[in-house]
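target.txt follows; it contains compact mmCIF, C-alpha atoms.
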# COMPACT_ATOMS: atom_id res chain seq x y z
CA LEU A 694 81.16 -62.40 -114.68
CA SER A 695 77.74 -62.26 -116.18
CA CYS A 696 75.11 -64.80 -116.88
CA LYS A 697 72.35 -64.53 -119.33
CA VAL A 698 68.97 -66.02 -118.27
CA PRO A 699 66.58 -66.96 -120.93
CA LYS A 700 63.25 -65.05 -120.96
CA GLN A 701 61.31 -68.30 -120.42
CA CYS A 702 63.19 -69.03 -117.19
CA MET A 703 62.69 -65.47 -115.96
CA ALA A 704 58.97 -65.74 -116.48
CA PHE A 705 58.93 -69.08 -114.69
CA LEU A 706 60.82 -67.65 -111.71
CA CYS A 707 58.48 -64.65 -111.49
CA CYS A 708 55.51 -66.97 -111.57
CA ARG A 709 56.91 -69.08 -108.77
CA LEU A 710 57.69 -65.99 -106.73
CA TYR A 711 54.17 -64.71 -107.21
CA LEU A 712 52.64 -68.03 -106.27
CA GLY A 713 54.85 -68.23 -103.22
CA CYS A 714 53.76 -64.81 -102.07
CA TYR A 715 50.16 -65.69 -102.74
CA PHE A 716 50.17 -68.91 -100.76
CA TYR A 717 52.11 -67.27 -97.92
CA SER A 718 49.55 -64.48 -97.76
CA LEU A 719 46.77 -67.03 -97.89
CA SER A 720 48.28 -68.99 -95.00
CA CYS A 721 48.64 -65.76 -93.02
CA LEU A 722 45.02 -64.92 -93.67
CA CYS A 723 43.94 -68.37 -92.57
CA ALA A 724 45.98 -68.08 -89.41
CA LEU A 725 44.53 -64.64 -88.77
CA GLU A 726 41.04 -65.93 -89.37
CA LEU A 727 41.66 -68.78 -86.93
CA VAL A 728 42.92 -66.33 -84.33
CA CYS A 729 39.87 -64.13 -84.91
CA GLN A 730 37.60 -67.14 -84.53
CA GLN A 731 39.27 -68.06 -81.25
CA ILE A 732 38.98 -64.47 -80.02
CA CYS A 733 35.32 -64.39 -81.06
CA ALA A 734 34.66 -67.69 -79.32
CA GLN A 735 36.29 -66.44 -76.15
CA THR A 736 34.46 -63.14 -76.43
CA GLU A 737 31.17 -64.97 -76.98
CA LYS A 738 31.81 -67.05 -73.87
CA ARG A 739 32.57 -63.89 -71.92
CA VAL A 740 29.42 -62.25 -73.25
CA VAL A 741 27.37 -65.29 -72.23
CA LYS A 742 28.93 -65.25 -68.77
CA LEU A 743 28.36 -61.50 -68.51
CA LYS A 744 24.73 -61.90 -69.56
CA LEU A 745 24.31 -64.64 -66.95
CA LYS A 746 25.84 -62.45 -64.26
CA ILE A 747 23.64 -59.52 -65.24
CA THR A 748 20.55 -61.75 -65.16
CA ILE A 749 21.46 -63.10 -61.71
CA PHE A 750 22.14 -59.55 -60.50
CA PHE A 751 18.73 -58.30 -61.60
CA ILE A 752 17.02 -61.33 -60.08
CA LEU A 753 18.73 -60.66 -56.75
CA LEU A 754 17.97 -56.95 -57.04
CA SER A 755 14.29 -57.74 -57.65
CA LEU A 756 14.19 -60.05 -54.62
CA LEU A 757 15.89 -57.41 -52.48
CA THR A 758 13.41 -54.79 -53.67
CA ILE A 759 10.51 -57.06 -52.73
CA VAL A 760 11.99 -57.65 -49.27
CA ILE A 761 12.53 -53.92 -48.75
CA LEU A 762 8.97 -53.17 -49.80
CA LEU A 763 7.64 -55.79 -47.41
CA VAL A 764 9.77 -54.45 -44.57
CA ASN A 765 8.73 -50.90 -45.32
CA LYS A 766 5.12 -51.97 -45.44
CA ARG A 767 5.47 -53.64 -42.07
CA ASP A 768 7.39 -50.73 -40.61
CA SER A 769 4.89 -48.22 -41.96
CA SER A 770 2.16 -49.99 -40.03
CA ASP A 771 4.30 -50.43 -36.91
CA PHE A 772 6.04 -47.06 -36.89
CA GLN A 773 3.22 -44.71 -37.74
CA GLU A 774 3.51 -40.98 -37.70
CA ILE A 775 1.91 -38.85 -35.02
CA ILE A 776 -1.08 -37.02 -36.50
CA TYR A 777 -2.14 -33.55 -35.35
CA ASP A 778 -5.57 -32.04 -35.98
CA ASN A 779 -8.19 -29.62 -34.68
CA SER A 780 -9.91 -31.30 -31.73
CA ARG A 781 -13.25 -29.74 -32.68
CA ASN A 782 -13.40 -32.12 -35.66
CA TYR A 783 -14.09 -35.03 -33.31
CA THR A 784 -17.44 -35.42 -31.57
CA TYR A 785 -16.09 -37.46 -28.64
CA VAL A 786 -13.84 -34.60 -27.47
CA PRO A 787 -15.62 -32.71 -24.66
CA LEU A 788 -16.07 -28.97 -24.99
CA ALA A 789 -13.81 -27.27 -22.46
CA ASN A 790 -11.51 -24.28 -22.17
CA ILE A 791 -9.03 -25.69 -19.69
CA GLY A 792 -7.28 -28.92 -18.92
CA LEU A 793 -6.40 -32.05 -20.83
CA SER A 794 -8.52 -34.77 -22.45
CA ILE A 795 -7.10 -38.22 -23.10
CA GLY A 796 -8.19 -41.67 -24.23
CA ILE A 797 -7.64 -44.63 -26.53
CA VAL A 798 -9.31 -44.41 -29.96
CA ASN A 799 -9.81 -46.77 -32.90
CA ASP A 800 -7.59 -46.86 -36.00
CA GLU A 801 -9.87 -44.43 -37.86
CA HIS A 802 -9.65 -41.93 -34.94
CA ASP A 803 -13.42 -41.45 -35.03
CA GLN A 804 -14.44 -43.44 -31.96
CA LEU A 805 -13.35 -43.54 -28.33
CA ILE A 806 -12.67 -47.02 -26.94
CA GLU A 807 -14.42 -47.32 -23.57
CA ASN A 808 -13.70 -50.94 -22.65
CA MET A 809 -10.07 -50.94 -21.55
CA ASN A 810 -9.84 -54.69 -20.92
CA PHE A 811 -8.56 -56.42 -24.03
CA GLU A 812 -8.62 -60.16 -24.77
CA LEU A 813 -6.09 -61.59 -27.25
CA GLU A 814 -5.68 -65.08 -28.63
CA GLY A 815 -2.66 -66.45 -30.43
CA THR A 816 -0.76 -63.17 -30.54
CA GLU A 817 1.95 -61.53 -28.49
CA ASN A 818 1.50 -57.99 -29.82
CA PHE A 819 -1.01 -55.26 -29.07
CA GLN A 820 -1.36 -51.92 -30.78
CA GLY A 821 -3.55 -48.89 -30.27
CA THR A 822 -3.70 -45.11 -30.55
CA ILE A 823 -3.61 -42.51 -27.78
CA ALA A 824 -5.68 -39.35 -28.31
CA LEU A 825 -4.28 -36.33 -26.45
CA VAL A 826 -6.16 -33.00 -26.44
CA ASN A 827 -4.96 -29.61 -25.20
CA GLN A 828 -8.14 -27.86 -24.04
CA ASN A 829 -6.30 -24.73 -22.90
CA GLU A 830 -6.10 -21.37 -24.64
CA GLU A 831 -2.30 -21.52 -24.82
CA GLU A 832 0.31 -23.95 -26.10
CA LYS A 833 1.23 -26.74 -23.67
CA ASP A 834 3.94 -29.41 -23.33
CA TYR A 835 3.12 -32.95 -22.24
CA LEU A 836 5.25 -36.00 -21.56
CA ILE A 837 3.88 -39.53 -22.01
CA VAL A 838 5.55 -42.23 -19.88
CA PRO A 839 4.52 -45.87 -20.54
CA LEU A 840 4.57 -48.60 -17.90
CA ILE A 841 4.07 -52.25 -18.83
CA ASN A 842 3.43 -54.48 -15.82
CA TYR A 843 4.57 -51.60 -13.60
CA LYS A 844 7.93 -51.20 -15.29
CA GLN A 845 8.94 -48.36 -17.59
CA LYS A 846 9.99 -49.90 -20.90
CA LYS A 847 10.88 -48.82 -24.39
CA ILE A 848 7.96 -49.55 -26.68
CA ARG A 849 7.05 -48.54 -30.20
CA LEU A 850 5.65 -45.13 -29.32
CA GLY A 851 5.05 -42.81 -32.24
CA GLU A 852 7.78 -43.18 -34.82
CA ASP A 853 10.45 -44.88 -32.69
CA TYR A 854 11.25 -47.16 -29.76
CA GLN A 855 11.24 -44.99 -26.64
CA ASP A 856 10.33 -45.06 -22.95
CA LYS A 857 8.86 -41.56 -22.99
CA ILE A 858 7.79 -39.03 -25.60
CA LYS A 859 7.27 -35.27 -25.41
CA ILE A 860 4.30 -33.76 -27.22
CA THR A 861 3.70 -30.03 -27.76
CA LEU A 862 0.11 -29.08 -28.55
CA LYS A 863 -1.37 -25.82 -29.74
CA PRO A 864 -4.64 -24.57 -28.18
CA LYS A 865 -7.53 -26.96 -28.96
CA GLU A 866 -5.19 -29.29 -30.84
CA ILE A 867 -5.44 -33.09 -30.72
CA ALA A 868 -2.58 -35.52 -31.28
CA PHE A 869 -2.99 -39.18 -32.24
CA ILE A 870 0.02 -41.16 -30.96
CA PRO A 871 0.21 -44.80 -32.12
CA PHE A 872 1.77 -47.35 -29.80
CA HIS A 873 2.72 -51.02 -30.13
CA LEU A 874 3.33 -53.46 -27.25
CA GLU A 875 5.45 -56.44 -28.31
CA ASP A 876 6.51 -59.82 -26.92
CA LEU A 877 3.71 -60.08 -24.38
CA LYS A 878 3.71 -63.51 -22.78
CA GLU A 879 0.60 -65.56 -22.19
CA GLY A 880 -1.24 -64.29 -19.14
CA PHE A 881 -2.57 -61.04 -17.68
CA HIS A 882 -0.86 -57.69 -18.24
CA ASP A 883 -1.41 -54.15 -17.00
CA PHE A 884 -0.41 -51.12 -19.08
CA ILE A 885 -0.42 -47.52 -17.92
CA PHE A 886 0.42 -44.24 -19.62
CA PHE A 887 1.32 -41.36 -17.30
CA ILE A 888 0.75 -37.96 -18.93
CA VAL A 889 2.94 -35.33 -17.28
CA LYS A 890 1.86 -31.72 -17.74
CA ASP A 891 4.53 -29.05 -18.06
CA PRO A 892 7.38 -31.57 -17.51
CA ASP A 893 10.24 -29.05 -17.74
CA ASN A 894 8.96 -26.64 -15.08
CA GLN A 895 11.62 -26.15 -12.37
CA ASN A 896 9.67 -23.78 -10.15
CA ILE A 897 10.40 -24.69 -6.53
CA SER A 898 7.91 -22.36 -4.85
CA ASP A 899 5.53 -23.97 -2.36
CA GLU A 900 2.54 -22.67 -4.29
CA TYR A 901 3.59 -24.40 -7.50
CA ARG A 902 4.59 -27.64 -5.76
CA ILE A 903 1.26 -27.90 -3.91
CA ALA A 904 -0.56 -27.27 -7.20
CA THR A 905 1.16 -30.29 -8.76
CA THR A 906 -0.61 -32.69 -6.39
CA GLY A 907 -2.86 -34.88 -8.51
CA SER A 908 -1.92 -32.93 -11.64
CA TYR A 909 -1.10 -36.02 -13.70
CA SER A 910 -3.47 -37.71 -16.11
CA THR A 911 -3.37 -41.44 -16.77
CA ILE A 912 -4.58 -44.06 -19.21
CA ARG A 913 -4.91 -47.54 -17.78
CA GLY A 914 -5.87 -50.86 -19.36
CA THR A 915 -5.35 -54.61 -19.22
CA ILE A 916 -4.44 -57.25 -21.79
CA ASN A 917 -5.20 -60.93 -21.24
CA ILE A 918 -3.51 -63.35 -23.64
CA GLY A 919 -4.85 -66.89 -23.60
CA THR A 920 -6.97 -68.28 -20.78
CA VAL A 921 -4.52 -68.53 -17.88
CA LYS A 922 -3.76 -65.49 -15.74
CA ASN A 923 -0.24 -64.96 -14.48
CA LYS A 924 -0.60 -65.62 -10.76
CA SER A 925 3.01 -64.73 -9.98
CA PHE A 926 1.96 -61.11 -9.59
CA GLN A 927 -0.40 -61.80 -6.69
CA LYS A 928 2.17 -61.10 -3.96
CA TYR A 929 1.10 -58.34 -1.61
CA LYS A 930 2.84 -57.21 1.54
CA LYS A 931 1.25 -56.24 4.80
CA ALA A 932 1.74 -52.79 6.26
CA LEU A 933 5.41 -52.11 6.94
CA GLU A 934 4.60 -49.53 9.62
CA PRO A 935 0.92 -49.05 10.54
CA ILE A 936 0.00 -45.61 11.84
CA GLU A 937 -2.98 -44.46 13.81
CA GLU A 938 -3.86 -41.52 11.56
CA THR A 939 -7.04 -42.25 9.62
CA ALA A 940 -7.61 -38.81 8.05
CA LEU A 941 -5.55 -39.72 5.01
CA ASP A 942 -7.16 -41.25 1.95
CA GLY A 943 -4.63 -41.72 -0.82
CA ILE A 944 -0.91 -40.90 -0.86
CA LEU A 945 1.25 -38.26 0.80
CA LEU A 946 5.04 -37.77 0.89
CA THR A 947 6.42 -36.35 4.14
CA LYS A 948 9.74 -35.91 5.91
CA ASN A 949 8.33 -36.84 9.33
CA ARG A 950 5.31 -38.55 10.87
CA ASN A 951 2.89 -35.64 10.54
CA LEU A 952 0.74 -34.86 7.51
CA LYS A 953 2.77 -31.90 6.29
CA PRO A 954 3.56 -32.54 2.59
CA TRP A 955 7.17 -32.73 1.44
CA LEU A 956 7.42 -30.10 -1.33
CA SER A 957 11.11 -29.43 -1.99
CA GLU A 958 14.57 -29.91 -0.54
CA GLU A 959 18.04 -28.52 -1.09
CA ILE A 960 20.61 -31.30 -1.40
CA THR A 961 24.15 -31.01 -0.03
CA ASP A 962 27.25 -32.74 -1.35
CA GLU A 963 27.59 -34.69 1.89
CA GLU A 964 24.27 -36.46 1.47
CA GLU A 965 24.17 -39.81 -0.28
CA ILE A 966 20.62 -40.90 0.49
CA ILE A 967 17.46 -38.85 0.97
CA ASP A 968 15.05 -40.50 3.42
CA PHE A 969 11.34 -39.72 3.49
CA ASN A 970 7.97 -41.28 4.24
CA ILE A 971 5.39 -42.53 1.78
CA LYS A 972 2.09 -42.45 3.64
CA ILE A 973 -0.84 -44.46 2.33
CA GLY A 974 -4.39 -44.14 3.66
CA ASN A 975 -7.60 -46.08 2.96
CA LEU A 976 -10.87 -44.61 4.22
CA GLY A 977 -12.94 -47.12 2.26
CA GLU A 978 -15.02 -49.97 3.63
CA ASN A 979 -12.95 -52.69 1.96
CA LYS A 980 -9.35 -53.83 1.88
CA GLU A 981 -7.39 -52.31 -0.96
CA LYS A 982 -4.51 -53.86 -2.87
CA TYR A 983 -2.20 -51.36 -4.49
CA ALA A 984 1.13 -50.82 -6.24
CA LEU A 985 3.59 -47.98 -5.71
CA VAL A 986 5.73 -46.69 -8.60
CA SER A 987 8.16 -43.76 -8.43
CA LEU A 988 9.60 -41.49 -11.12
CA LEU A 989 12.66 -39.25 -10.81
CA ASP A 990 12.99 -36.83 -13.73
CA TRP A 991 10.43 -39.01 -15.53
CA ASN A 992 12.57 -42.14 -15.28
CA GLN A 993 11.45 -44.99 -13.05
CA THR A 994 13.44 -45.25 -9.85
CA ALA A 995 13.21 -47.66 -6.94
CA VAL A 996 10.59 -46.87 -4.32
CA SER A 997 13.16 -47.82 -1.69
CA SER A 998 16.41 -49.73 -1.35
CA GLU A 999 14.36 -52.93 -1.08
CA TYR A 1000 11.68 -52.47 -3.70
CA LYS A 1001 11.72 -51.32 -7.30
CA VAL A 1002 7.92 -51.56 -7.24
CA TYR A 1003 6.03 -52.02 -3.99
CA PHE A 1004 2.87 -54.15 -3.93
CA GLY A 1005 0.86 -53.79 -0.74
CA GLU A 1006 -2.50 -54.42 0.85
CA LEU A 1007 -4.20 -51.92 3.14
CA SER A 1008 -7.06 -52.72 5.49
CA GLN A 1009 -10.19 -50.62 5.52
CA ASN A 1010 -10.06 -47.34 7.44
CA SER A 1011 -6.32 -47.59 8.10
CA SER A 1012 -3.01 -46.00 7.15
CA GLU A 1013 0.60 -47.13 6.83
CA ILE A 1014 4.09 -45.80 6.10
CA ILE A 1015 6.57 -47.12 3.55
CA LYS A 1016 10.11 -45.83 4.00
CA GLY A 1017 11.27 -44.20 0.77
CA GLU A 1018 14.83 -43.52 -0.38
CA ILE A 1019 16.45 -41.53 -3.20
CA ASN A 1020 20.09 -41.84 -4.19
CA THR A 1021 21.46 -38.31 -4.57
CA GLN A 1022 23.70 -39.47 -7.45
CA GLU A 1023 20.55 -39.67 -9.57
CA ILE A 1024 19.69 -36.00 -9.00
CA LYS A 1025 20.49 -33.47 -11.70
CA LYS A 1026 23.40 -31.08 -11.36
CA ASN A 1027 22.68 -27.35 -11.62
CA ALA A 1028 18.99 -28.00 -12.11
CA VAL A 1029 15.85 -29.03 -10.29
CA SER A 1030 14.95 -32.72 -10.28
CA ASN A 1031 11.32 -33.77 -9.98
CA TYR A 1032 10.24 -36.75 -7.90
CA THR A 1033 6.76 -38.29 -7.79
CA THR A 1034 5.20 -41.48 -6.43
CA PHE A 1035 2.06 -43.01 -7.92
CA LEU A 1036 -0.52 -45.03 -5.97
CA ILE A 1037 -2.14 -47.55 -8.31
CA PRO A 1038 -5.13 -49.42 -6.83
CA HIS A 1039 -6.20 -52.95 -7.77
CA PRO A 1040 -3.09 -54.00 -9.74
CA TYR A 1041 -3.53 -56.89 -12.18
CA GLU A 1042 -7.30 -56.66 -12.11
CA LYS A 1043 -9.71 -55.75 -14.88
CA VAL A 1044 -10.21 -52.00 -14.72
CA ASP A 1045 -13.35 -49.90 -14.76
CA PRO A 1046 -12.21 -46.48 -16.06
CA TYR A 1047 -15.38 -44.84 -14.70
CA ASN A 1048 -15.11 -46.28 -11.18
CA PRO A 1049 -13.19 -44.01 -8.75
CA GLU A 1050 -11.81 -47.11 -7.00
CA PHE A 1051 -9.52 -47.61 -10.03
CA PHE A 1052 -8.34 -44.00 -10.27
CA ILE A 1053 -4.56 -43.62 -9.94
CA GLN A 1054 -3.50 -41.12 -7.27
CA THR A 1055 -0.28 -39.14 -7.33
CA SER A 1056 1.85 -37.39 -4.76
CA THR A 1057 3.12 -33.85 -4.97
CA ARG A 1058 5.88 -33.28 -7.51
CA VAL A 1059 8.80 -32.80 -5.11
CA GLY A 1060 11.56 -30.42 -6.26
CA LEU A 1061 15.12 -31.51 -5.39
CA TYR A 1062 17.99 -29.11 -6.09
CA ASN A 1063 21.70 -28.68 -5.27
CA LYS A 1064 22.89 -25.09 -5.37
CA GLN A 1065 26.49 -26.05 -4.66
CA ASN A 1066 26.99 -27.88 -7.98

Representation of the structure as structure tokens:
Amino acid sequence: LSCKVPKQCMAFLCCRLYLGCYFYSLSCLCALELVCQQICAQTEKRVVKLKLKITIFFILLSLLTIVILLVNKRDSSDFQEIIYDNSRNYTYVPLANIGLSIGIVNDEHDQLIENMNFELEGTENFQGTIALVNQNEEEKDYLIVPLINYKQKKIRLGEDYQDKIKITLKPKEIAFIPFHLEDLKEGFHDFIFFIVKDPDNQNISDEYRIATTGSYSTIRGTINIGTVKNKSFQKYKKALEPIEETALDGILLTKNRNLKPWLSEEITDEEEIIDFNIKIGNLGENKEKYALVSLLDWNQTAVSSEYKVYFGELSQNSSEIIKGEINTQEIKKNAVSNYTTFLIPHPYEKVDPYNPEFFIQTSTRVGLYNKQN
């Protein structure tokens, strides 16, 4: 069966088909454009949010950078490096070919501070610089041990918090060691730096041990914050055991009642406590108040089972004995331990560094060893 379509109808159908395709394509394009617009709008929102996040990030990064710079600036002033130099570049260093020179200097390192009594107002921190000079012709090791109010404490010493610091100096070399004392309460404070020469020497010969008597150097000063002194420190004990010997002026460690110095001792495994005598003598014309502090291997140890630090008062031209004790558990294994007691006159008083009455005296460096371990 066939059907003939007139040419006019065919043309009309083609036209309608074309228009249908056109409008369909147009509607598709419109839909596509709408989708694109929605995608662009969403993308634009995301871009705005991203820009906002980036802006906030850089603001926070800038603030963090500022904080870090401020902290570093503070730390750089608090944790200063130790500076080494030729001691001959400084006019206040005495000319010598043996021994050790020490002192406190100003921030520029060009002037020695002679007044060691410092007054502070409205601050709880104190900072200074130790100058340490090796006057010998050979390299030497030194150990600096700080005591604040007669207690060994970690302070900002050099580049870190520490309760002791070892310094090695070449011949004629000077070291500038910054220190910072923090959280000092209102009142009167004593600070002391013990400088230990040749701290690692384990020689137990009598000759060496006798030579260590008085071989320590010290720096001593006071800090008064505010106007009220701390009177809680003014507690001094009378002689625990007076003795008749008056030939002693200073401090001596002995194992019995005579004046033979205690130099060394071999420790056995059976011993738990080492007993000894700390003899104190005053040949002066006045009463003398004093403090006793002990170090074992350069760490503070109790003077006795009763006293971490002993504060006493000694009459003129008299002597006394304080019973000392050392726990053998604190002694090194397979090595020599060093024990020393320091006699510090006039505690918690303004010091005169040029007056011998304020000079700190030290006992012999006693060598303790255990060959069985």

*Which residue gives the smallest distance to Arg902 of chain A among A:Glu958, A:Glu879, A:Glu1018, A:Asp942, with only C-alpha atoms counted?*
A:Glu958

_Between atom CA of Lys1043 of chain A and atom CA of Pro871 of chain A - distance in Å to one decimal_ = 22.7 Å

_If I take atom CA of Ile848 of chain A and atom CA of Glu817 of chain A, how far is one from the other in Å, to one decimal?_
13.5 Å

_Which of A:Ile971, A:Lys846, A:Tyr777, A:Ala789 sits closest to Thr1055 of chain A [using all atoms listed in the file]_ =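 Between A:Ile971, A:Lys846, A:Tyr777, A:Ala789, the residue approaching Thr1055 of chain A most closely is A:Ile971.
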
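Taking only C-alpha atoms into account, Lys1016 of chain A lies nearest to A:Ser997 out of the set A:Ser898, A:Ser997, A:Ser908, A:Asn975.
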
*asked:* Env of Asn896 of chain A: 12 Å cut, atoms = only C-alpha atoms, seq-sep filter 6 positions within chain, self excluded. Answer as a PyMOL selection string.
replied: chain A and resi 902-905+956-957+1028-1031+1058-1062

With C-alpha atoms retained, export the selected residues as an mmCIF file, in the frame of the given file.
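Result file follows (out.cif):
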data_model
loop_
_atom_site.group_PDB
_atom_site.id
_atom_site.type_symbol
_atom_site.label_atom_id
_atom_site.label_comp_id
_atom_site.auth_asym_id
_atom_site.auth_seq_id
_atom_site.Cartn_x
_atom_site.Cartn_y
_atom_site.Cartn_z
ATOM 1 C CA ARG A 902 4.590 -27.640 -5.760
ATOM 2 C CA ILE A 903 1.260 -27.900 -3.910
ATOM 3 C CA ALA A 904 -0.560 -27.270 -7.200
ATOM 4 C CA THR A 905 1.160 -30.290 -8.760
ATOM 5 C CA LEU A 956 7.420 -30.100 -1.330
ATOM 6 C CA SER A 957 11.110 -29.430 -1.990
ATOM 7 C CA ALA A 1028 18.990 -28.000 -12.110
ATOM 8 C CA VAL A 1029 15.850 -29.030 -10.290
ATOM 9 C CA SER A 1030 14.950 -32.720 -10.280
ATOM 10 C CA ASN A 1031 11.320 -33.770 -9.980
ATOM 11 C CA ARG A 1058 5.880 -33.280 -7.510
ATOM 12 C CA VAL A 1059 8.800 -32.800 -5.110
ATOM 13 C CA GLY A 1060 11.560 -30.420 -6.260
ATOM 14 C CA LEU A 1061 15.120 -31.510 -5.390
ATOM 15 C CA TYR A 1062 17.990 -29.110 -6.090
#

*Work out how far apart atom CA of Leu836 of chain A and atom CA of Phe1035 of chain A are and give it in Å to one decimal.*
15.7 Å

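All protein, DNA and RNA residues at most 7 Å from (-0.3, -63.5, -20.6) are A:Leu877, A:Lys878, A:Glu879, A:Gly880, A:Phe881, A:His882, A:Asn917, A:Ile918, A:Gly919, A:Lys922, A:Asn923, using only C-alpha atoms.
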
_Selected residue, from A:Pro892, A:Gly914, A:Gly1005, A:Pro864, that lies nearest to Ile791 of chain A when counting all atoms listed in the file_ =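 Of A:Pro892, A:Gly914, A:Gly1005, A:Pro864, the one nearest Ile791 of chain A is A:Pro864, counting all atoms listed in the file.
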
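Shortest atom-to-atom contact with Ile806 of chain A among A:Leu976, A:Val986, A:Ile912, A:Val996: A:Ile912, counting all atoms listed in the file.
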
*So, counting all atoms listed in the file, which residue among A:His873, A:Lys863, A:Arg849, A:Lys857 is closest to Phe886 of chain A?*
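The answer is A:Lys857, which sits nearest to Phe886 of chain A.
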
Can you tell me, as an mmCIF file with C-alpha atoms, keeping the file's coordinate frame, which residues sit within 10 Å of (-0.4, -42.9, -16.0) in the file's frame, using all atoms listed in the file?
data_model
loop_
_atom_site.group_PDB
_atom_site.id
_atom_site.type_symbol
_atom_site.label_atom_id
_atom_site.label_comp_id
_atom_site.auth_asym_id
_atom_site.auth_seq_id
_atom_site.Cartn_x
_atom_site.Cartn_y
_atom_site.Cartn_z
ATOM 1 C CA ILE A 837 3.880 -39.530 -22.010
ATOM 2 C CA VAL A 838 5.550 -42.230 -19.880
ATOM 3 C CA PRO A 839 4.520 -45.870 -20.540
ATOM 4 C CA LEU A 840 4.570 -48.600 -17.900
ATOM 5 C CA PHE A 884 -0.410 -51.120 -19.080
ATOM 6 C CA ILE A 885 -0.420 -47.520 -17.920
ATOM 7 C CA PHE A 886 0.420 -44.240 -19.620
ATOM 8 C CA PHE A 887 1.320 -41.360 -17.300
ATOM 9 C CA ILE A 888 0.750 -37.960 -18.930
ATOM 10 C CA VAL A 889 2.940 -35.330 -17.280
ATOM 11 C CA TYR A 909 -1.100 -36.020 -13.700
ATOM 12 C CA SER A 910 -3.470 -37.710 -16.110
ATOM 13 C CA THR A 911 -3.370 -41.440 -16.770
ATOM 14 C CA ILE A 912 -4.580 -44.060 -19.210
ATOM 15 C CA ARG A 913 -4.910 -47.540 -17.780
ATOM 16 C CA PHE A 1035 2.060 -43.010 -7.920
ATOM 17 C CA ILE A 1037 -2.140 -47.550 -8.310
ATOM 18 C CA PHE A 1052 -8.340 -44.000 -10.270
ATOM 19 C CA ILE A 1053 -4.560 -43.620 -9.940
ATOM 20 C CA GLN A 1054 -3.500 -41.120 -7.270
ATOM 21 C CA THR A 1055 -0.280 -39.140 -7.330
#
